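> For reference, the file final06.txt (compact mmCIF, C-alpha atoms) is included below:
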```txt
# COMPACT_ATOMS: atom_id res chain seq x y z
CA MET A 13 25.97 46.12 8.10
CA LYS A 14 27.48 42.76 8.91
CA ASN A 15 24.13 41.44 10.04
CA LEU A 16 22.64 42.47 6.74
CA LYS A 17 25.28 40.52 4.81
CA VAL A 18 24.47 37.40 6.79
CA LEU A 19 20.81 37.95 6.30
CA THR A 20 20.80 38.66 2.55
CA PRO A 21 21.19 35.04 1.34
CA TRP A 22 18.23 34.07 3.52
CA ILE A 23 16.11 36.88 2.12
CA THR A 24 17.13 35.69 -1.35
CA LEU A 25 15.99 32.18 -0.45
CA ALA A 26 12.64 33.49 0.79
CA ALA A 27 12.22 35.65 -2.33
CA ARG A 28 13.08 32.71 -4.59
CA LEU A 29 10.55 30.47 -2.86
CA LEU A 30 7.86 33.16 -2.93
CA LEU A 31 8.21 34.13 -6.58
CA GLY A 32 8.96 30.54 -7.65
CA THR A 33 5.95 29.06 -5.88
CA VAL A 34 3.61 31.74 -7.21
CA LEU A 35 4.84 31.20 -10.79
CA LEU A 36 4.70 27.42 -10.51
CA LEU A 37 1.20 27.46 -9.03
CA ALA A 38 -0.11 30.04 -11.51
CA GLY A 39 1.38 28.05 -14.40
CA TYR A 40 0.03 24.73 -13.16
CA LEU A 41 -3.52 26.03 -12.64
CA LYS A 42 -3.58 27.54 -16.12
CA ALA A 43 -1.94 24.59 -17.90
CA LYS A 44 -4.61 22.40 -16.30
CA SER A 45 -7.46 24.45 -17.88
CA PRO A 46 -6.06 25.54 -21.24
CA ALA A 47 -9.39 26.66 -22.74
CA GLU A 48 -9.98 28.95 -19.78
CA ALA A 49 -6.44 30.33 -19.96
CA GLN A 50 -6.97 31.19 -23.63
CA MET A 51 -10.26 32.85 -22.76
CA ALA A 52 -8.56 34.92 -20.06
CA VAL A 53 -5.95 36.24 -22.51
CA ARG A 54 -8.57 37.02 -25.16
CA ALA A 55 -10.63 38.97 -22.63
CA TYR A 56 -7.81 41.56 -22.26
CA LYS A 57 -8.48 42.53 -25.90
CA LEU A 58 -4.80 43.33 -26.42
CA LEU A 59 -3.67 40.68 -28.91
CA PRO A 60 -5.29 39.48 -32.12
CA VAL A 61 -7.47 36.45 -31.32
CA GLY A 62 -5.16 33.86 -32.91
CA LEU A 63 -2.11 35.18 -31.09
CA ALA A 64 -4.00 35.47 -27.79
CA ASN A 65 -4.98 31.79 -28.04
CA ILE A 66 -1.38 30.67 -28.55
CA PHE A 67 -0.17 32.97 -25.76
CA GLY A 68 -2.74 31.46 -23.40
CA LEU A 69 -1.44 27.97 -24.12
CA ALA A 70 2.28 28.80 -23.99
CA LEU A 71 2.57 31.22 -21.07
CA PRO A 72 1.70 28.72 -18.31
CA TRP A 73 4.55 26.41 -19.31
CA PHE A 74 7.09 29.23 -19.21
CA GLU A 75 5.80 30.18 -15.76
CA ILE A 76 6.24 26.58 -14.66
CA GLY A 77 9.81 26.52 -16.02
CA ALA A 78 10.80 29.79 -14.37
CA GLY A 79 9.14 28.70 -11.13
CA ILE A 80 11.16 25.48 -10.99
CA LEU A 81 14.41 27.32 -11.74
CA LEU A 82 13.74 29.78 -8.90
CA ILE A 83 12.76 27.13 -6.37
CA VAL A 84 15.73 24.84 -6.99
CA GLY A 85 18.05 27.81 -7.48
CA ILE A 86 19.52 27.55 -10.97
CA THR A 87 20.09 30.62 -13.18
CA VAL A 88 18.19 32.58 -10.57
CA ARG A 89 18.97 35.94 -12.15
CA TYR A 90 17.56 35.00 -15.56
CA ALA A 91 14.49 33.35 -14.07
CA ALA A 92 13.95 36.48 -11.95
CA ILE A 93 14.27 38.69 -15.04
CA PHE A 94 11.57 36.58 -16.70
CA GLY A 95 9.40 36.77 -13.57
CA GLY A 96 9.88 40.53 -13.22
CA LEU A 97 9.14 41.25 -16.86
CA SER A 98 6.00 39.06 -16.72
CA MET A 99 4.79 40.97 -13.67
CA LEU A 100 5.33 44.30 -15.44
CA LEU A 101 3.47 42.91 -18.46
CA PHE A 102 0.59 41.74 -16.24
CA ILE A 103 0.41 45.09 -14.43
CA GLY A 104 0.31 46.88 -17.79
CA ALA A 105 -2.34 44.54 -19.19
CA ILE A 106 -4.55 44.79 -16.10
CA SER A 107 -4.19 48.60 -15.99
CA GLN A 108 -5.24 49.01 -19.61
CA ALA A 109 -8.25 46.73 -19.04
CA TRP A 110 -9.19 48.85 -16.04
CA ALA A 111 -8.65 52.12 -17.93
CA ARG A 112 -10.74 50.94 -20.90
CA GLY A 113 -13.58 49.93 -18.63
CA LEU A 114 -13.39 46.20 -19.39
CA THR A 115 -14.77 44.02 -16.62
CA ILE A 116 -12.51 40.97 -16.52
CA ASP A 117 -10.82 38.68 -14.03
CA CYS A 118 -7.05 38.74 -14.48
CA GLY A 119 -7.01 34.96 -14.92
CA CYS A 120 -3.69 34.91 -13.11
CA PHE A 121 -4.37 31.63 -11.31
CA GLY A 122 -6.79 30.02 -13.73
CA GLY A 123 -10.28 31.41 -14.19
CA GLY A 124 -10.48 34.64 -16.12
CA GLY A 125 -12.66 36.07 -18.81
CA GLN A 126 -15.45 38.57 -18.38
CA VAL A 127 -16.98 39.12 -14.96
CA ALA A 128 -19.96 41.18 -13.90
CA ALA A 129 -19.31 44.89 -13.39
CA GLY A 130 -18.43 45.46 -9.74
CA HIS A 131 -16.77 42.06 -9.48
CA THR A 132 -13.39 43.18 -10.75
CA LYS A 133 -10.39 43.12 -8.40
CA TYR A 134 -8.05 45.34 -10.38
CA TRP A 135 -6.25 47.19 -7.62
CA GLN A 136 -5.72 44.04 -5.55
CA GLU A 137 -4.28 42.29 -8.61
CA ILE A 138 -1.98 45.22 -9.42
CA LEU A 139 -0.83 45.47 -5.80
CA ARG A 140 -0.01 41.75 -5.69
CA ASP A 141 1.88 41.83 -8.97
CA SER A 142 3.79 44.94 -7.86
CA GLY A 143 4.93 43.10 -4.75
CA LEU A 144 6.07 40.18 -6.89
CA ALA A 145 7.85 42.57 -9.29
CA LEU A 146 9.78 44.02 -6.33
CA THR A 147 10.65 40.48 -5.24
CA ALA A 148 11.99 39.81 -8.73
CA ILE A 149 14.06 43.01 -8.70
CA PHE A 150 15.62 41.98 -5.39
CA LEU A 151 16.53 38.59 -6.89
CA ILE A 152 18.06 40.21 -9.96
CA MET A 153 20.31 42.24 -7.64
CA LYS A 154 21.03 39.45 -5.14
CA PRO A 155 20.58 36.10 -6.89
CA GLN A 156 23.02 34.26 -4.59
CA GLY A 157 21.08 32.65 -1.75
CA LYS A 158 20.89 29.70 0.59
CA PHE A 159 20.07 26.17 -0.58
CA ALA A 160 20.54 26.85 -4.28
CA LEU A 161 21.63 23.99 -6.53
CA GLU A 162 23.86 26.38 -8.40
CA ARG A 163 26.54 27.91 -6.17
CA THR A 164 29.00 29.26 -8.65
CA SER A 165 26.82 31.80 -10.39
CA ALA A 166 27.91 35.40 -10.80
CA GLU A 167 28.37 37.61 -7.73
CA MET B 30 37.18 32.51 -6.29
CA SER B 31 40.43 30.62 -5.76
CA ASP B 32 42.24 28.68 -8.49
CA LYS B 33 41.52 25.43 -6.71
CA LYS B 34 37.84 25.81 -7.39
CA ASN B 35 38.17 26.36 -11.13
CA PRO B 36 37.92 22.76 -12.38
CA LYS B 37 34.92 22.21 -10.15
CA LYS B 38 33.32 25.33 -11.52
CA GLY B 39 33.60 23.87 -15.00
CA SER B 40 31.80 20.69 -14.10
CA ASP B 41 29.16 22.66 -12.22
CA ASN B 42 28.51 24.68 -15.36
CA THR B 43 27.94 21.50 -17.34
CA THR B 44 25.51 20.22 -14.74
CA ARG B 45 23.79 23.59 -14.68
CA ASN B 46 23.44 23.73 -18.44
CA LEU B 47 22.09 20.19 -18.42
CA ALA B 48 19.49 21.09 -15.80
CA VAL B 49 18.48 24.27 -17.63
CA GLY B 50 18.27 22.30 -20.88
CA MET B 51 16.03 19.72 -19.25
CA ILE B 52 13.67 22.36 -17.90
CA LEU B 53 13.54 24.15 -21.27
CA PHE B 54 12.78 20.79 -22.87
CA VAL B 55 9.86 20.22 -20.48
CA VAL B 56 8.57 23.74 -21.21
CA LEU B 57 8.79 23.15 -24.95
CA ILE B 58 7.07 19.76 -24.77
CA GLY B 59 4.35 21.31 -22.60
CA VAL B 60 3.71 24.10 -25.10
CA ILE B 61 3.61 21.71 -28.05
CA PHE B 62 1.34 19.32 -26.16
CA SER B 63 -1.06 22.14 -25.24
CA VAL B 64 -1.19 23.55 -28.77
CA VAL B 65 -1.73 20.15 -30.39
CA SER B 66 -4.30 18.88 -27.89
CA ASN B 67 -6.41 22.04 -28.14
CA LYS B 68 -6.61 21.98 -31.91
CA SER B 69 -9.73 21.04 -33.78
CA ASN B 70 -9.60 17.50 -35.18
CA SER B 71 -11.69 16.79 -38.27
CA HIS B 72 -11.52 13.02 -37.75
CA VAL B 73 -13.47 12.76 -34.49
CA ALA B 74 -17.04 11.42 -34.29
CA ILE B 75 -19.59 14.23 -34.46
CA PRO B 76 -23.37 14.21 -33.97
CA THR B 77 -25.44 14.10 -37.17
CA SER B 78 -26.72 17.67 -36.69
CA VAL B 79 -23.16 19.06 -36.43
CA SER B 80 -20.91 20.37 -39.17
CA ALA B 81 -17.57 22.13 -39.27
CA ALA B 82 -19.21 24.94 -41.26
CA ASP B 83 -21.39 25.83 -38.27
CA GLY B 84 -18.46 25.79 -35.84
CA TYR B 85 -19.20 22.22 -34.73
CA GLY B 86 -22.35 23.47 -32.98
CA ILE B 87 -25.53 21.40 -32.68
CA VAL B 88 -27.92 22.75 -35.32
CA ILE B 89 -31.71 22.72 -35.11
CA ASN B 90 -33.88 24.04 -38.00
CA LYS B 91 -30.99 24.40 -40.42
CA ASP B 92 -33.12 26.16 -43.04
CA ALA B 93 -34.67 28.92 -40.90
CA LYS B 94 -33.69 32.46 -41.90
CA THR B 95 -32.84 33.96 -38.55
CA ARG B 96 -29.86 32.35 -36.88
CA VAL B 97 -29.06 32.32 -33.19
CA ASP B 98 -25.74 31.02 -31.86
CA ILE B 99 -25.71 30.04 -28.21
CA TRP B 100 -22.47 29.46 -26.32
CA GLU B 101 -22.95 27.95 -22.88
CA ASP B 102 -21.19 25.70 -20.42
CA PHE B 103 -23.61 23.33 -18.70
CA GLN B 104 -21.81 23.97 -15.39
CA CYS B 105 -21.89 27.77 -15.68
CA PRO B 106 -24.17 29.38 -13.05
CA HIS B 107 -24.95 32.44 -15.22
CA CYS B 108 -26.05 30.11 -18.01
CA ARG B 109 -28.47 28.54 -15.57
CA GLU B 110 -29.85 31.98 -14.65
CA PHE B 111 -30.20 32.73 -18.35
CA GLU B 112 -32.02 29.44 -18.83
CA VAL B 113 -34.43 30.27 -16.01
CA VAL B 114 -35.21 33.68 -17.54
CA ALA B 115 -35.18 32.92 -21.26
CA GLY B 116 -35.15 29.13 -21.62
CA ASN B 117 -38.86 28.66 -22.32
CA TYR B 118 -39.00 31.57 -24.75
CA LEU B 119 -36.00 30.30 -26.73
CA ASN B 120 -37.28 26.71 -26.74
CA ASP B 121 -40.62 27.91 -28.15
CA LEU B 122 -38.82 29.84 -30.89
CA VAL B 123 -36.78 26.80 -31.82
CA ARG B 124 -39.61 24.25 -31.54
CA SER B 125 -41.88 26.37 -33.71
CA GLY B 126 -39.14 26.50 -36.34
CA LYS B 127 -38.81 30.30 -36.30
CA VAL B 128 -35.04 30.34 -35.82
CA LYS B 129 -32.04 28.28 -36.78
CA ALA B 130 -30.44 27.51 -33.44
CA VAL B 131 -26.77 26.59 -33.17
CA TYR B 132 -25.82 25.37 -29.71
CA HIS B 133 -22.13 25.40 -28.79
CA PRO B 134 -21.73 23.57 -25.46
CA MET B 135 -18.42 24.85 -24.13
CA THR B 136 -16.35 22.86 -21.65
CA PHE B 137 -13.78 25.25 -20.15
CA ILE B 138 -15.13 24.76 -16.62
CA GLY B 139 -13.78 21.24 -16.54
CA PRO B 140 -14.26 17.48 -16.80
CA GLU B 141 -17.95 17.37 -15.88
CA SER B 142 -18.73 20.02 -18.52
CA ILE B 143 -17.11 17.71 -21.05
CA LEU B 144 -19.20 14.75 -19.90
CA ALA B 145 -22.40 16.80 -19.95
CA ALA B 146 -21.74 18.25 -23.41
CA ALA B 147 -20.91 14.81 -24.83
CA ALA B 148 -24.08 13.35 -23.29
CA ALA B 149 -26.15 16.22 -24.72
CA ALA B 150 -24.67 15.49 -28.14
CA CYS B 151 -25.89 11.89 -27.82
CA THR B 152 -29.43 13.11 -27.19
CA ALA B 153 -29.15 15.44 -30.20
CA ASP B 154 -28.85 12.36 -32.39
CA ASP B 155 -32.22 11.25 -31.00
CA GLY B 156 -33.86 14.66 -31.50
CA LYS B 157 -33.97 15.27 -27.76
CA PHE B 158 -31.33 17.96 -27.38
CA LEU B 159 -33.68 20.74 -26.24
CA ASP B 160 -35.15 18.49 -23.53
CA MET B 161 -31.68 17.40 -22.40
CA HIS B 162 -30.49 21.03 -22.45
CA ALA B 163 -33.29 22.06 -20.09
CA ALA B 164 -32.84 18.96 -17.92
CA LEU B 165 -29.10 19.55 -17.50
CA PHE B 166 -29.56 23.13 -16.28
CA ASN B 167 -32.36 21.96 -14.04
CA ASN B 168 -29.95 19.35 -12.65
CA GLN B 169 -26.87 21.60 -12.48
CA PRO B 170 -24.71 20.74 -9.43
CA ALA B 171 -24.25 23.57 -6.92
CA THR B 172 -20.45 23.31 -7.17
CA GLU B 173 -18.35 22.76 -10.26
CA ASN B 174 -16.84 19.34 -10.91
CA SER B 175 -18.30 17.99 -7.68
CA GLY B 176 -18.50 14.42 -8.94
CA LYS B 177 -22.29 14.59 -9.34
CA TRP B 178 -22.15 14.33 -13.13
CA THR B 179 -20.80 10.98 -14.31
CA ASN B 180 -21.71 9.03 -17.43
CA MET B 181 -24.07 6.99 -15.28
CA THR B 182 -25.93 9.94 -13.74
CA LEU B 183 -25.99 11.78 -17.08
CA ASN B 184 -27.51 8.72 -18.69
CA LEU B 185 -30.31 8.94 -16.12
CA VAL B 186 -30.77 12.66 -16.84
CA ALA B 187 -31.06 11.82 -20.56
CA ILE B 188 -33.65 9.14 -19.90
CA GLY B 189 -35.50 11.54 -17.58
CA ALA B 190 -35.48 14.09 -20.42
CA GLY B 191 -37.35 11.60 -22.55
CA ASP B 192 -34.56 10.04 -24.59
CA THR B 193 -35.72 6.44 -24.71
CA SER B 194 -33.62 5.35 -27.69
CA LYS B 195 -31.82 2.03 -27.35
CA SER B 196 -28.44 3.49 -28.24
CA ILE B 197 -28.40 6.33 -25.69
CA SER B 198 -26.69 4.39 -22.87
CA ASN B 199 -24.02 3.08 -25.17
CA CYS B 200 -23.44 6.50 -26.72
CA ILE B 201 -22.97 8.17 -23.32
CA THR B 202 -21.00 5.46 -21.52
CA SER B 203 -18.69 4.83 -24.45
CA GLY B 204 -17.85 8.54 -24.56
CA LYS B 205 -18.64 8.68 -28.25
CA TYR B 206 -18.60 12.49 -28.50
CA LEU B 207 -15.99 13.37 -25.85
CA ASN B 208 -13.43 14.46 -28.45
CA TRP B 209 -16.00 16.50 -30.36
CA THR B 210 -16.20 18.87 -27.37
CA LYS B 211 -12.62 19.96 -28.10
CA ASN B 212 -13.66 21.05 -31.58
CA VAL B 213 -16.45 23.17 -30.10
CA GLU B 214 -14.03 24.76 -27.66
CA ALA B 215 -11.44 25.41 -30.37
CA ASP B 216 -14.09 27.14 -32.47
CA ALA B 217 -15.22 29.27 -29.51
CA ALA B 218 -11.59 30.36 -29.13
CA LYS B 219 -11.53 31.35 -32.81
CA GLN B 220 -14.84 33.22 -32.49
CA ASN B 221 -13.48 35.19 -29.51
CA VAL B 222 -16.17 34.02 -27.09
CA ASN B 223 -14.89 35.14 -23.67
CA SER B 224 -17.78 34.48 -21.35
CA THR B 225 -20.87 32.33 -21.05
CA PRO B 226 -23.66 32.61 -21.86
CA THR B 227 -22.91 34.36 -25.17
CA LEU B 228 -25.61 34.80 -27.82
CA PHE B 229 -25.28 35.96 -31.38
CA ILE B 230 -28.46 36.82 -33.28
CA ASN B 231 -27.65 36.77 -36.99
CA GLY B 232 -23.99 37.17 -36.10
CA LYS B 233 -24.53 40.14 -33.82
CA GLN B 234 -23.55 39.73 -30.18
CA LEU B 235 -26.29 40.31 -27.62
CA VAL B 236 -25.86 43.35 -25.36
CA GLN B 237 -24.67 42.25 -21.90
CA SER B 238 -27.71 43.60 -20.03
CA HIS B 239 -30.19 41.78 -22.29
CA TYR B 240 -29.40 38.27 -21.10
CA LEU B 241 -31.50 38.48 -17.98
CA ASP B 242 -34.04 40.90 -19.47
CA LEU B 243 -36.63 38.92 -21.39
CA THR B 244 -38.38 42.01 -22.80
CA ALA B 245 -35.13 43.32 -24.26
CA LEU B 246 -34.28 39.87 -25.62
CA LYS B 247 -37.66 39.59 -27.33
CA ALA B 248 -37.14 43.04 -28.86
CA ASP B 249 -33.76 41.90 -30.21
CA PHE B 250 -35.37 38.90 -31.88
CA ALA B 251 -38.19 41.08 -33.21
CA ALA B 252 -35.59 43.41 -34.72
CA ALA B 253 -34.08 40.35 -36.42
CA GLY B 254 -37.47 39.56 -37.96
CA VAL B 255 -38.71 36.96 -35.46
CA LYS B 256 -42.19 37.54 -34.08
```
Can you present the structure in this file as C-alpha cells?


Amino acid sequence: MKNLKVLTPWITLAARLLLGTVLLLAGYLKAKSPAEAQMAVRAYKLLPVGLANIFGLALPWFEIGAGILLIVGITVRYAAIFGGLSMLLFIGAISQAWARGLTIDCGCFGGGGQVAAGHTKYWQEILRDSGLALTAIFLIMKPQGKFALERTSAE
Amino acid sequence: MSDKKNPKKGSDNTTRNLAVGMILFVVLIGVIFSVVSNKSNSHVAIPTSVSAADGYGIVINKDAKTRVDIWEDFQCPHCREFEVVAGNYLNDLVRSGKVKAVYHPMTFIGPESILAAAAAACTADDGKFLDMHAALFNNQPATENSGKWTNMTLNLVAIGAGDTSKSISNCITSGKYLNWTKNVEADAAKQNVNSTPTLFINGKQLVQSHYLDLTALKADFAAAGVK
C-alpha cells in the first residue's frame, strides 16, 4: 500500500509524458500538412464536407495545446479529460469506418484518406487509442505527479 | 494544506492561469492561421487556362461536350501507376479534342508537390501541359520530398518535355504559380476528393477498380459518349 502511494506520482508523470508526447506529435504532424489532415477527416464520412475541413484544420492545434499542458504539468486533469474524450471520439470514428466497410487510414499522425482494401489497420489503431484512453482515465483520477509546474492543483 | 501556504497558492493560481491563457492563445492563433492560409485567394496569379468556375483546374478543350476532371498529386505513387496504365489513352482523348479535360494538381503530399504543380502550370501557359504531365510522372522520385524536385530540376524537366518558350525559366524560378496551388487544394477539399488519383467523368466519380483497368475505363468513356 505504502509503496503504491510513493509510486503513484511517478506513474502519473509517465502517463503525462506518454499521452502528452503522443498528442503533441500527432498535432504537429497534422498541423504541418493541413490539406492532408482535412482529407483524413473527410474520408471518415461522418461530418458534412465544410465542417470536416474546419475540423481537420482546428483539431491539430488543440492536440498541441493539450499535449503541452500534460508535458509541463498544468491543469493536468482538464487536459487529460480532453485527451480521453478525443481518444473515445477517435475509437468511435474508426469503428464506424470499419463497420461501414470504408477503407481509410486513421490519419492520426498525418497521412490519412482512402487506402487500398487490405491496407487498413483498424484494430491496431483502436487498440492504441484504447491504451491512450486508459492512460487519460488514470490521469483524471490521479493528476498530481512528479515534476509538474502546477503543484497546488486539486487532490 | 496549511494556512501558511495560502498566499502562495494564490500567486500560483495567477501564474497557472497566465500559462493556460498563453497556451490557449497559441492554439487560437494556430487555428486562425490554418483556416486563413488554406483558403482560396482570388487575387493570386493563375495560368491562362484556369478559372475559378472550373475549380482552378487547368482546362484543355474548354468547348468539348464530355468533361473529365482529374485530381492527382505529382508525387503520388498510385497516380504514377494510373499514368502508366491509362496515360496514353487519356492523352489521345485530350489531344484529339474529344473531351474537355480539367486537371487539378493537388499538393497535399508536400513541398515538392507544390513546386511540381506550379511548374506544370507554367508549361500550361505554353500549351505543353500534357507533355509536362507525362514527363513529371516519368521523373517521379522514388521517395516523397526527397529533394530531387527543385525549381532548377523542374525547369530541366519542362525543357525536356519540349517547353522551349523564353519565359519558362522565369515562370518556374520566380514561383509565379505557387500560391495558385492552394486554390486547387481548397477546391479539392470542397469537392470532397479524399484520395488520388480521382477521376470524374461528367461529374460522376470513377469506380475504384476502374483506375488500373483500361478496358473498364474505356467503357466508362464510351458510356459518356466518347468513342

> Taking 5 positions as the minimum chain separation for residues in the same chain, which residues sit within 10 Å of Leu69 in chain A when counting only C-alpha atoms? Answer as a list in words.

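Non-adjacent residues within range: Lys42, Ala43, Ser45, Pro46, Ala47, Glu48, Ala49, Gln50, Val53, Ala64 and Phe74 of chain A; Gly59, Val60, Ile61, Phe62, Ser63, Val64 and Asn67 of chain B.
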
> Could you check the closest approach to chain B for each of A:Tyr40, A:Tyr134, A:Trp73, A:Phe94 and tell me which residue wins, using only C-alpha atoms?

A:Trp73

> Mind pulling up the distance from CA of Gly68 in chain A to CA of Val88 in chain A?

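If I compute the distance from CA of Val88 in chain A to CA of Gly68 in chain A, I get 24.6 Å.
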
> So what do you get for CA of Phe137 in chain B versus CA of Gly124 in chain A, distance-wise?

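For CA of Phe137 in chain B relative to CA of Gly124 in chain A, the distance reads 10.7 Å.
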
> Residues of chain A near chain B: apply a cut-off of 10 Å, count only C-alpha atoms, and supply the list as a PyMOL selection string.

chain A and resi 43-57+60-62+64-78+80-81+86-87+116+123-128+161-165

> Report, in Å to a single decimal, how far apart CA of Arg109 in chain B and CA of Leu41 in chain A are.

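Here the two named atoms are 25.2 Å from each other.
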
> Find the residues near Asp98 in chain B: any atom within 12 Å, counting all atoms listed in the file, skip ones fewer than 6 places away on the same chain, and give them as a PyMOL selection string.

chain B and resi 83-89+119+123+128-134+217+220+222+225-235

> Under the rule that all atoms listed in the file are counted, which of B:Asp216, B:Phe166, B:Ala115, B:Met181 is the nearest residue to Thr244 in chain B?

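Between B:Asp216, B:Phe166, B:Ala115, B:Met181, the residue approaching Thr244 in chain B most closely is B:Ala115.
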
> I'd like the neighbourhood of range 204-207 of chain B as a ChimeraX atom specification, where a residue qualifies if any of its atoms comes within 12 Å (using only C-alpha atoms), though same-chain residues fewer than 6 positions away should be ignored.

/B:72-77,79,85,134-136,140-154,179-181,183-184,196-198,213-214

> Could you take the residues named above and write them with C-alpha atoms, as a PDB file, in the frame of the given file?


```
ATOM      1  CA  HIS B  72     -11.520  13.020 -37.750  1.00  0.00           C
ATOM      2  CA  VAL B  73     -13.470  12.760 -34.490  1.00  0.00           C
ATOM      3  CA  ALA B  74     -17.040  11.420 -34.290  1.00  0.00           C
ATOM      4  CA  ILE B  75     -19.590  14.230 -34.460  1.00  0.00           C
ATOM      5  CA  PRO B  76     -23.370  14.210 -33.970  1.00  0.00           C
ATOM      6  CA  THR B  77     -25.440  14.100 -37.170  1.00  0.00           C
ATOM      7  CA  VAL B  79     -23.160  19.060 -36.430  1.00  0.00           C
ATOM      8  CA  TYR B  85     -19.200  22.220 -34.730  1.00  0.00           C
ATOM      9  CA  PRO B 134     -21.730  23.570 -25.460  1.00  0.00           C
ATOM     10  CA  MET B 135     -18.420  24.850 -24.130  1.00  0.00           C
ATOM     11  CA  THR B 136     -16.350  22.860 -21.650  1.00  0.00           C
ATOM     12  CA  PRO B 140     -14.260  17.480 -16.800  1.00  0.00           C
ATOM     13  CA  GLU B 141     -17.950  17.370 -15.880  1.00  0.00           C
ATOM     14  CA  SER B 142     -18.730  20.020 -18.520  1.00  0.00           C
ATOM     15  CA  ILE B 143     -17.110  17.710 -21.050  1.00  0.00           C
ATOM     16  CA  LEU B 144     -19.200  14.750 -19.900  1.00  0.00           C
ATOM     17  CA  ALA B 145     -22.400  16.800 -19.950  1.00  0.00           C
ATOM     18  CA  ALA B 146     -21.740  18.250 -23.410  1.00  0.00           C
ATOM     19  CA  ALA B 147     -20.910  14.810 -24.830  1.00  0.00           C
ATOM     20  CA  ALA B 148     -24.080  13.350 -23.290  1.00  0.00           C
ATOM     21  CA  ALA B 149     -26.150  16.220 -24.720  1.00  0.00           C
ATOM     22  CA  ALA B 150     -24.670  15.490 -28.140  1.00  0.00           C
ATOM     23  CA  CYS B 151     -25.890  11.890 -27.820  1.00  0.00           C
ATOM     24  CA  THR B 152     -29.430  13.110 -27.190  1.00  0.00           C
ATOM     25  CA  ALA B 153     -29.150  15.440 -30.200  1.00  0.00           C
ATOM     26  CA  ASP B 154     -28.850  12.360 -32.390  1.00  0.00           C
ATOM     27  CA  THR B 179     -20.800  10.980 -14.310  1.00  0.00           C
ATOM     28  CA  ASN B 180     -21.710   9.030 -17.430  1.00  0.00           C
ATOM     29  CA  MET B 181     -24.070   6.990 -15.280  1.00  0.00           C
ATOM     30  CA  LEU B 183     -25.990  11.780 -17.080  1.00  0.00           C
ATOM     31  CA  ASN B 184     -27.510   8.720 -18.690  1.00  0.00           C
ATOM     32  CA  SER B 196     -28.440   3.490 -28.240  1.00  0.00           C
ATOM     33  CA  ILE B 197     -28.400   6.330 -25.690  1.00  0.00           C
ATOM     34  CA  SER B 198     -26.690   4.390 -22.870  1.00  0.00           C
ATOM     35  CA  VAL B 213     -16.450  23.170 -30.100  1.00  0.00           C
ATOM     36  CA  GLU B 214     -14.030  24.760 -27.660  1.00  0.00           C
TER      37      GLU B 214
END
```

> Would you mind listing what lies within 10 Å of Pro170 in chain B as a ChimeraX atom specification, with only C-alpha atoms counted and same-chain residues fewer than 5 positions away left out?

/B:103-106,141,165,175-178

> Which residue out of B:His162, B:Lys157, B:Lys94, B:Lys127 has the minimum interatomic distance to Val113 in chain B when only C-alpha atoms are used?

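Ranked by minimum distance to Val113 in chain B, first place goes to B:His162.
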
> For range 35-42 of chain A, I'd like the enclosing box, axis-aligned and padded by 3 Å on every side, reported as lines of an AutoDock Vina configuration file with centre and edge lengths in Å to one decimal.


```
center_x = 0.6
center_y = 28.0
center_z = -12.6
size_x = 14.4
size_y = 12.5
size_z = 13.1
```

> Residues at most 9 Å from Lys133 in chain A, counting all atoms listed in the file, excluding those fewer than 2 positions away in the same chain, as a list of chain:residue names?

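Answer for this query is A:Ile116, A:Asp117, A:Cys118, A:Gly130, A:His131, A:Trp135, A:Gln136, A:Glu137, A:Ile138.
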
> Can you put N, CA and C atoms back into range 47-58 of chain B and show it as a PDB file, in the coordinates of the input?


```pdb
ATOM      1  N   LEU B  47      22.912  21.380 -18.224  1.00  0.00           N
ATOM      2  CA  LEU B  47      22.090  20.190 -18.420  1.00  0.00           C
ATOM      3  C   LEU B  47      20.725  20.376 -17.761  1.00  0.00           C
ATOM      4  N   ALA B  48      20.755  20.895 -16.536  1.00  0.00           N
ATOM      5  CA  ALA B  48      19.490  21.090 -15.800  1.00  0.00           C
ATOM      6  C   ALA B  48      18.620  22.134 -16.496  1.00  0.00           C
ATOM      7  N   VAL B  49      19.246  23.233 -16.934  1.00  0.00           N
ATOM      8  CA  VAL B  49      18.480  24.270 -17.630  1.00  0.00           C
ATOM      9  C   VAL B  49      17.907  23.707 -18.920  1.00  0.00           C
ATOM     10  N   GLY B  50      18.733  22.917 -19.637  1.00  0.00           N
ATOM     11  CA  GLY B  50      18.270  22.300 -20.880  1.00  0.00           C
ATOM     12  C   GLY B  50      17.080  21.401 -20.644  1.00  0.00           C
ATOM     13  N   MET B  51      17.137  20.638 -19.560  1.00  0.00           N
ATOM     14  CA  MET B  51      16.030  19.720 -19.250  1.00  0.00           C
ATOM     15  C   MET B  51      14.746  20.490 -18.993  1.00  0.00           C
ATOM     16  N   ILE B  52      14.862  21.578 -18.230  1.00  0.00           N
ATOM     17  CA  ILE B  52      13.670  22.360 -17.900  1.00  0.00           C
ATOM     18  C   ILE B  52      13.108  23.026 -19.154  1.00  0.00           C
ATOM     19  N   LEU B  53      13.997  23.554 -20.002  1.00  0.00           N
ATOM     20  CA  LEU B  53      13.540  24.150 -21.270  1.00  0.00           C
ATOM     21  C   LEU B  53      12.836  23.112 -22.127  1.00  0.00           C
ATOM     22  N   PHE B  54      13.376  21.889 -22.111  1.00  0.00           N
ATOM     23  CA  PHE B  54      12.780  20.790 -22.870  1.00  0.00           C
ATOM     24  C   PHE B  54      11.355  20.516 -22.391  1.00  0.00           C
ATOM     25  N   VAL B  55      11.191  20.466 -21.058  1.00  0.00           N
ATOM     26  CA  VAL B  55       9.860  20.220 -20.480  1.00  0.00           C
ATOM     27  C   VAL B  55       8.899  21.347 -20.882  1.00  0.00           C
ATOM     28  N   VAL B  56       9.403  22.591 -20.832  1.00  0.00           N
ATOM     29  CA  VAL B  56       8.570  23.740 -21.210  1.00  0.00           C
ATOM     30  C   VAL B  56       8.118  23.611 -22.670  1.00  0.00           C
ATOM     31  N   LEU B  57       9.078  23.275 -23.519  1.00  0.00           N
ATOM     32  CA  LEU B  57       8.790  23.150 -24.950  1.00  0.00           C
ATOM     33  C   LEU B  57       7.765  22.049 -25.220  1.00  0.00           C
ATOM     34  N   ILE B  58       7.997  20.882 -24.597  1.00  0.00           N
ATOM     35  CA  ILE B  58       7.070  19.760 -24.770  1.00  0.00           C
ATOM     36  C   ILE B  58       5.678  20.158 -24.280  1.00  0.00           C
TER      37      ILE B  58
END
```
